[in-house]
Each structure stands twice: as C-alpha cells, then as structure tokens.
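Written out below as structure tokens is the structure these notes cover.
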Amino acid sequence: MITIHVKDTDGSRHTLETEVNPTANLMELLTEHRMDVAAICGGMASCGTCHVGFMKGGETLDNPEDDEAFMLETLPNYRPESRLSCQIPLTEALDGAEIEVWGDTV
Amino acid sequence: MIQTDICIVGAGPVGLFAVFETGLLEMRCHLIDALPQVGGQLSELYPQKPIYDIPGHPSVLAGDLIRNLEAQIAPFKPTFTLGERVEQLLPQADGRFRLETNRGTVVEAKAVVIAGGLGSFEPRKPALEGLEAFEQKGVEYMVRDPEVYRGKRVVIAGGGDSALDWAMYLSELAAELHLIHRRDEFRGAPDSGKKVFDLAEAGKLHLHLSAQLVRLEGGDELERVVITDRNKEEVAIEADALIPLFGLSPKLGPIADWGLDLDKRQIKVDVETFETSLPGVYAIGDINTYPGKLKLILCGFHEAAMMAHSVVKRVRPDRKSTTMKYTTVTGISGF
C-alpha cells in the first residue's frame with residue numbers, strides 16, 4: 001500500500017491509500033476519489049487539466065517525458081513542482097507524497 | 001439569419017456523426033464550434049495520436065478519423081459557423097430555437113443538439129495583476145489580424161509552437177517584438193526554436209528567457225509589461241500589445257446558463273431519446289451524463305443514432321415512416 005496526501009482545489013485535504021499498480025496512474029486515482037481533476041484527454045498528456053504540484057516527494061519520481069514536459073511548459077500556472085498526474089504511475093516512489101491539485105488555468 | 005432543421009453545438013466527432021444519422025432521416029444540420037476547425041479535441045489536442053477502439057478500425061489517427069467523418073457526412077451538406085461560441089439559446093414561442101454567437105451570428109432551428117464535449121476551448125490566461133482591465137486594450141489571446149500589429153511594440157508570452165510561429169511572423173511587422181519564455185529552451189518544433197534564436201541574434205526580436213510576466217501597467221490602454229528576468233529582477237518593457245499564448249482549455253461556459261438540468265459539468269439526459277430537461281434540446285457525447293455513462297467516441301456515435309430517431313418526430317412530424325432502415329438496403333441519399 002502507498003499513501004498520498006492531496007490538497008484539492010477547494011483547499012480540502014485528503015489522504016488516499018492505494019495498492020502499487022504501475023499500469024494505473026495518479027490521475028486515475030484522483031478522479032476515482034472525485035478530486036477536482038477534469039482529465040479531459042483521458043491520460044494522453046495533451047490537455048493539462050490533471051496538472052498537480054508535488055509539494056513533497058516529487059524528487060523520487062522519474063523526470064517528465066517530452067510530451068509531459070511540453071504540456072507543462074505551456075501551462076500559465078506552471079511551477080517547478082508541476083507534474084501531469086496522468087503521467088505518474090502508482091509506484092512505491094509515490095508513497096508519502098504531498099500534492100496539490102492545480103488544474104490547467106489560474 | 002441561418003435557418004436549419006437542427007443546430008448542432010460542437011463539431012467534434014460526435015457532432016459530426018450526428019449530421020449523418022439525422023441526414024439519413026432527411027434532416028438538415030448547421031454546426032457551430034468555438035474552434036476555427038472541425039474535430040474538437042481530436043483536431044485541437046491530439047490529431048497525430050492513434051485511437052484503437054473505433055469499431056472496424058484497428059487503429060486510426062485522431063486527425064484521420066475526423067477527415068473520414070467529414071467525407072461520410074458530405075452527402076448531407078452540413079453548414080458550419082466556426083470560431084464562434086454560442087452564447088444564447090432562446091426557446092421561441094413557436095417551438096423553435098434561436099441561437100446567438102459571441103460574434104453576432106444568429107441561427108434558428110427546430111431542434112438543438114449539444115455535442116459540446118467539455119465545453120468550448122478558451123485561451124488559458126496567465127495569473128497577472130491587471131490583466132482583465134487591459135483585455136481588448138492591448139491584451140489579446142489570439143492573433144486575428146496580424147496587420148493590427150504593424151509598427152507596434154508587441155510582447156508575446158509563451159514557449160509553444162504558436163508563440164514561436166507568431167513571434168517569427170510578427171517580428172517582420174512590429175516595430176519591436178519581445179518574446180517572454182520561462183525556460184532557456186523551446187520544446188516546440190526544433191526548427192522554429194532555432195529560427196527564433198537566429199532572429200534574436202540578428203536583432204530582429206528581443207528574447208527574454210527564464211523570464212516571467214509580473215504585471216501590466218498603463219492608463220486606458222496598455223503601456224508597459226513588467227517581467228522578472230533570470231536574476232529575478234524586474235524589467236519594464238514599453239509595449240502597445242501583449243499576446244499571451246498558453247494554449248487552450250475547455251470551459252463549459254454559457255451552456256451552464258441555458259436552464260438545463262446539470263450534474264456537475266454534465267447535462268442530464270433521458271437515455272431513450274437523449275433529450276435534456278428542455279424539450280427539443282438534446283445532448284450527446286462527452287457533455288451528457290446518465291447512469292452507466294462512458295465517455296467514449298463509440299458511445300457518442302450510439303447516442304447520435306438514438307437522438308436522431310427521437311428528434312425526427314419533432315423536426316419532421318409529417319414523415320410517414322420512422323422505421324429504422326439499414327443503409328445497405330437504402331444506400332445514402334444526400335440532399
């Protein structure tokens with residue numbers, strides 16, 4: 001099991017627990033728990049609507065692939081902590097992470 | 001004013017296929033979409049990506065699927081208003097509907113089909129003090145007419161393909177062109193990135209890398225764009241225009257104000273007819289919701305067929321037979 005701490009767009013805080021499953025991703029976990037993630041392209045790194053910030057634990061993740069990096073760069077609310085949750089597999093590396101849901105607009 | 005049987009709001013794959021299904025039942029369609037091209041998010045977000053769950057297509061590129069749909073509906077001669085957003089949906093006393101766009105186009109239809117995905121694509125705006133006060137007073141989120149910028153001092157913000165393309169193009173016209181980008185390199189087309197660096201070296205444009213927009217200043221019109229440079233120090237750029245190009249994001253927009261029953265950002269429909277809470281207004285594709293809803297293109301196609309066989313009773317009450325017929329038997333009779 002891994003534990004992820006989430007601050008949603010309305011400021012509410014949630015602790016999510018899930019099995020390790022590298023074929024599933026963080027965006028799916030967030031939408032399953034009805035966090036404010038639109039994820040309109042469904043996980044193709046094409047829309048930016050699943051944008052989150054890793055306030056803690058981001059350094060243990062693999063670096064963004066080109067598709068993700070390109071989309072992040074486009075977002076007006078990009079910060080160094082930015083990631084697209086659809087590109088983050090549910091692996092041990094996420095355990096204990098603290099994230100904020102940011103979405104693709106300010 | 002445009003008169004039609006059915007006005008389809010949204011020209012994505014499901015809106016396009018609705019032209020086919022309603023066309024089989026001899027109804028004419030006019031489509032309106034906020035994007036300048038048809039195809040919705042397939043054209044806008046991922047035209048070069050493959051889709052694997054379209055029946056009969058082991059794999060099809062999103063852009064190709066849209067081109068095929070355009071060919072498939074061509075016999076029914078749909079008409080289009082593109083690059084405009086529907087603002088108003090007004091039921092009329094005679095049972096018809098009047099739709100008005102943000103650019104003043106008016107469509108009158110016997111029925112309305114909303115196939116709007118997650119809404120209309122709107123420019124993403126940067127978080128910037130004073131931004132809204134200068135909209136249309138120097139700040140524009142897209143370039144409609146490049147000539148407007150001839151001889152002006154222009155600031156473009158962004159690092160994607162459209163920011164690079166417009167920076168190159170406008171550097172020829174503008175008195176001064178500044179490109180603000182938050183990193184040191186560009187991930188857009190590598191060729192464009194190189195050209196922009198070359199132009200900067202030749203003194204044709206001013207490149208501000210590892211820079212951020214901070215605030216806008218001016219009176220009635222924009223006068224200065226203040227940024228921070230790579231050393232986090234403020235730099236004021238005298239400017240007549242700012243064009244932030246940070247891509248597009250879908251917004252439900254005015255649809256939320258049309259008096260339809262909604263569940264979060266989706267429109268509730270009757271699963272037999274795909275009619276909304278407003279009789280004569282239907283919703284198909286990603287924008288609707290019902291128990292068991294799956295946001296798949298193929299489900300949207302199914303919904304288009306179901307909708308067509310319901311809306312025909314309203315649009316063509318004179319039609320003698322509404323029995324479903326196979327296209328293999330009847331062929332396609334266009335208009």
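Here's how to read the names in the structure tokens: chain A, B, ... by the order shown, residue numbers from 1 in each chain, ligand numbers from 1 in the order shown.
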Name all residues at most 8 Å from region 44-60 of chain A (count only C-alpha atoms; drop same-chain ones fewer than 5 positions away) and give them as an NGL selection string. (:A and (27 or 37-39 or 67-68 or 71-72 or 75 or 79 or 81-87 or 93-104)) or (:B and (45-46 or 249))
Convert the current residue selection to file output with N, CA and C atoms, as a tab-separated table (two decimals), in the first residue's frame.
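Wrote out.tsv, looks like this:
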chain	number	residue	atom	x	y	z
A	27	MET	N	-3.57	10.29	-11.93
A	27	MET	CA	-4.79	10.96	-12.40
A	27	MET	C	-6.00	10.06	-12.18
A	37	VAL	N	-10.27	17.07	-10.81
A	37	VAL	CA	-9.36	16.83	-11.93
A	37	VAL	C	-10.24	16.52	-13.14
A	38	ALA	N	-10.22	17.38	-14.16
A	38	ALA	CA	-11.09	17.17	-15.31
A	38	ALA	C	-10.56	16.06	-16.22
A	39	ALA	N	-9.25	16.02	-16.40
A	39	ALA	CA	-8.61	14.95	-17.20
A	39	ALA	C	-9.31	14.73	-18.53
A	67	ASP	N	6.46	14.61	-23.94
A	67	ASP	CA	5.05	15.01	-24.06
A	67	ASP	C	4.60	15.79	-22.82
A	68	GLU	N	4.97	15.24	-21.67
A	68	GLU	CA	4.55	15.88	-20.42
A	68	GLU	C	5.26	17.22	-20.23
A	71	MET	N	3.75	19.92	-22.43
A	71	MET	CA	2.46	20.44	-21.95
A	71	MET	C	2.65	21.31	-20.70
A	72	LEU	N	3.49	20.87	-19.78
A	72	LEU	CA	3.71	21.65	-18.55
A	72	LEU	C	4.21	23.05	-18.89
A	75	LEU	N	1.54	25.56	-19.68
A	75	LEU	CA	0.55	25.99	-18.70
A	75	LEU	C	0.92	27.31	-18.04
A	79	ARG	N	4.84	25.60	-12.30
A	79	ARG	CA	5.86	25.91	-11.30
A	79	ARG	C	6.87	24.76	-11.31
A	81	GLU	N	7.41	22.63	-9.26
A	81	GLU	CA	6.83	21.42	-8.65
A	81	GLU	C	5.80	20.76	-9.56
A	82	SER	N	5.55	21.34	-10.73
A	82	SER	CA	4.46	20.88	-11.59
A	82	SER	C	4.69	19.50	-12.18
A	83	ARG	N	3.63	18.68	-12.24
A	83	ARG	CA	3.61	17.43	-12.99
A	83	ARG	C	2.20	17.20	-13.53
A	84	LEU	N	2.12	16.37	-14.57
A	84	LEU	CA	0.80	15.92	-15.02
A	84	LEU	C	0.53	14.59	-14.34
A	85	SER	N	-0.55	14.54	-13.55
A	85	SER	CA	-0.78	13.33	-12.76
A	85	SER	C	-1.03	12.11	-13.65
A	86	CYS	N	-1.48	12.32	-14.89
A	86	CYS	CA	-1.74	11.17	-15.76
A	86	CYS	C	-0.47	10.47	-16.20
A	87	GLN	N	0.67	11.11	-15.98
A	87	GLN	CA	1.93	10.52	-16.42
A	87	GLN	C	2.72	9.91	-15.25
A	93	ALA	N	7.40	4.90	-5.41
A	93	ALA	CA	8.01	6.23	-5.39
A	93	ALA	C	7.03	7.30	-4.91
A	94	LEU	N	5.72	7.01	-5.01
A	94	LEU	CA	4.70	7.99	-4.62
A	94	LEU	C	4.40	7.96	-3.12
A	95	ASP	N	4.88	6.93	-2.43
A	95	ASP	CA	4.48	6.76	-1.03
A	95	ASP	C	4.90	7.98	-0.20
A	96	GLY	N	3.92	8.55	0.49
A	96	GLY	CA	4.19	9.71	1.35
A	96	GLY	C	4.19	11.04	0.63
A	97	ALA	N	3.93	11.04	-0.67
A	97	ALA	CA	3.97	12.29	-1.43
A	97	ALA	C	2.87	13.25	-0.98
A	98	GLU	N	3.16	14.53	-1.06
A	98	GLU	CA	2.15	15.55	-0.77
A	98	GLU	C	1.92	16.35	-2.04
A	99	ILE	N	0.68	16.31	-2.53
A	99	ILE	CA	0.41	17.00	-3.79
A	99	ILE	C	-0.75	17.98	-3.65
A	100	GLU	N	-0.74	18.96	-4.54
A	100	GLU	CA	-1.86	19.91	-4.62
A	100	GLU	C	-2.43	19.82	-6.03
A	101	VAL	N	-3.77	19.83	-6.13
A	101	VAL	CA	-4.41	19.81	-7.45
A	101	VAL	C	-4.44	21.25	-7.96
A	102	TRP	N	-3.86	21.46	-9.13
A	102	TRP	CA	-3.76	22.83	-9.66
A	102	TRP	C	-4.61	23.07	-10.91
A	103	GLY	N	-4.79	22.03	-11.73
A	103	GLY	CA	-5.54	22.23	-12.98
A	103	GLY	C	-4.74	23.05	-13.98
A	104	ASP	N	-5.36	23.37	-15.11
A	104	ASP	CA	-4.57	23.97	-16.19
A	104	ASP	C	-4.77	25.46	-16.33
B	45	LEU	N	-6.17	18.83	-29.82
B	45	LEU	CA	-5.21	18.33	-28.83
B	45	LEU	C	-4.32	17.19	-29.33
B	46	TYR	N	-4.88	16.26	-30.11
B	46	TYR	CA	-4.04	15.10	-30.44
B	46	TYR	C	-4.31	14.52	-31.83
B	249	SER	N	-7.98	25.80	-23.20
B	249	SER	CA	-8.55	24.90	-22.19
B	249	SER	C	-10.06	24.90	-22.35
Let's see if you can do this: from backbone DSSP, list all helix (DSSP H, G or I) residues in region 19-99 of chain A, as a PyMOL selection string. chain A and resi 26-32+58-60+66-74+85-87+92-94
Taking 5 positions as the minimum chain separation for residues in the same chain, which residues sit within 10 Å of region 143-146 of chain B when counting only C-alpha atoms? Answer as an NGL selection string. :B and (162 or 166 or 169-170 or 173-174 or 243 or 245)
Near-Gly259 (chain B) list (12 Å; only C-alpha atoms; drop same-chain fewer than 2 positions) as a list in words: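 Here the answer would be Gln88, Leu89, Leu90, Pro91, Pro254, Ile255, Ala256, Asp257, Asp261, Leu262, Ile267, Lys268, Thr276, Ser277, Leu278, Pro279 and Val281 of chain B.
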At a cut-off of 6 Å, which residues of chain B touch chain A? Count only C-alpha atoms and give the answer as a list in words.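 Residues of chain B within 6 Å of chain A, counting only C-alpha atoms: Leu45, Arg124, Pro126, Ala127, Arg187 and Phe246 of chain B.
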Set the distance at 8 Å and use only C-alpha atoms: which residues neighbour region 205-210 of chain B once local chain neighbours fewer than 2 positions away are removed? I'd like the list as a JSON list (two decimals) with N, CA and C atoms, in the first residue's frame.
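Result file is around-v6.json:
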[["chain", "number", "residue", "atom", "x", "y", "z"],
["B", 167, "ALA", "N", 5.82, 34.88, -33.06],
["B", 167, "ALA", "CA", 6.99, 35.73, -32.80],
["B", 167, "ALA", "C", 7.77, 35.93, -34.10],
["B", 171, "SER", "N", 7.66, 39.57, -35.98],
["B", 171, "SER", "CA", 8.93, 40.29, -35.90],
["B", 171, "SER", "C", 9.17, 41.09, -37.19],
["B", 176, "GLU", "N", 8.80, 46.59, -32.59],
["B", 176, "GLU", "CA", 9.66, 45.88, -31.64],
["B", 176, "GLU", "C", 8.92, 44.63, -31.26],
["B", 177, "LEU", "N", 9.62, 43.52, -31.18],
["B", 177, "LEU", "CA", 8.96, 42.31, -30.71],
["B", 177, "LEU", "C", 9.74, 41.68, -29.58],
["B", 178, "HIS", "N", 9.04, 41.42, -28.47],
["B", 178, "HIS", "CA", 9.66, 40.75, -27.33],
["B", 178, "HIS", "C", 8.99, 39.40, -27.13],
["B", 179, "LEU", "N", 9.80, 38.36, -26.93],
["B", 179, "LEU", "CA", 9.25, 37.04, -26.63],
["B", 179, "LEU", "C", 9.69, 36.65, -25.22],
["B", 180, "ILE", "N", 8.69, 36.41, -24.37],
["B", 180, "ILE", "CA", 8.97, 36.07, -22.96],
["B", 180, "ILE", "C", 8.75, 34.57, -22.79],
["B", 181, "HIS", "N", 9.73, 33.87, -22.29],
["B", 181, "HIS", "CA", 9.58, 32.43, -22.08],
["B", 181, "HIS", "C", 10.20, 32.07, -20.74],
["B", 182, "ARG", "N", 9.58, 31.13, -20.05],
["B", 182, "ARG", "CA", 10.02, 30.88, -18.69],
["B", 182, "ARG", "C", 11.23, 29.95, -18.59],
["B", 183, "ARG", "N", 11.60, 29.36, -19.73],
["B", 183, "ARG", "CA", 12.78, 28.48, -19.69],
["B", 183, "ARG", "C", 13.85, 29.00, -20.64],
["B", 184, "ASP", "N", 14.94, 28.24, -20.75],
["B", 184, "ASP", "CA", 16.03, 28.68, -21.63],
["B", 184, "ASP", "C", 15.96, 28.05, -23.00],
["B", 185, "GLU", "N", 15.11, 27.03, -23.13],
["B", 185, "GLU", "CA", 14.98, 26.39, -24.44],
["B", 185, "GLU", "C", 13.51, 26.25, -24.80],
["B", 197, "PHE", "N", 16.01, 31.88, -32.21],
["B", 197, "PHE", "CA", 17.34, 32.25, -31.70],
["B", 197, "PHE", "C", 18.11, 33.05, -32.75],
["B", 199, "LEU", "N", 16.84, 34.92, -35.16],
["B", 199, "LEU", "CA", 16.24, 36.27, -35.26],
["B", 199, "LEU", "C", 16.71, 37.15, -34.11],
["B", 200, "ALA", "N", 16.81, 36.54, -32.92],
["B", 200, "ALA", "CA", 17.26, 37.31, -31.75],
["B", 200, "ALA", "C", 18.70, 37.77, -31.96],
["B", 202, "ALA", "N", 20.16, 38.30, -34.73],
["B", 202, "ALA", "CA", 20.18, 39.32, -35.78],
["B", 202, "ALA", "C", 19.52, 40.63, -35.33],
["B", 203, "GLY", "N", 19.05, 40.64, -34.10],
["B", 203, "GLY", "CA", 18.46, 41.87, -33.57],
["B", 203, "GLY", "C", 17.03, 42.13, -34.04],
["B", 212, "GLN", "N", 9.58, 35.78, -16.43],
["B", 212, "GLN", "CA", 8.17, 35.61, -16.06],
["B", 212, "GLN", "C", 7.44, 36.94, -16.17],
["B", 229, "ASP", "N", 13.50, 39.04, -14.88],
["B", 229, "ASP", "CA", 14.49, 38.38, -15.72],
["B", 229, "ASP", "C", 15.06, 37.18, -14.97],
["B", 230, "ARG", "N", 16.12, 36.57, -15.54],
["B", 230, "ARG", "CA", 16.64, 35.35, -14.93],
["B", 230, "ARG", "C", 17.23, 35.60, -13.54]]
Can you check which residues of region 39-70 of chain A DSSP gives as strand (DSSP E) on the backbone and send them as a list of chain:residue names? A:His51, A:Val52, A:Gly53, A:Phe54, A:Met55, A:Lys56
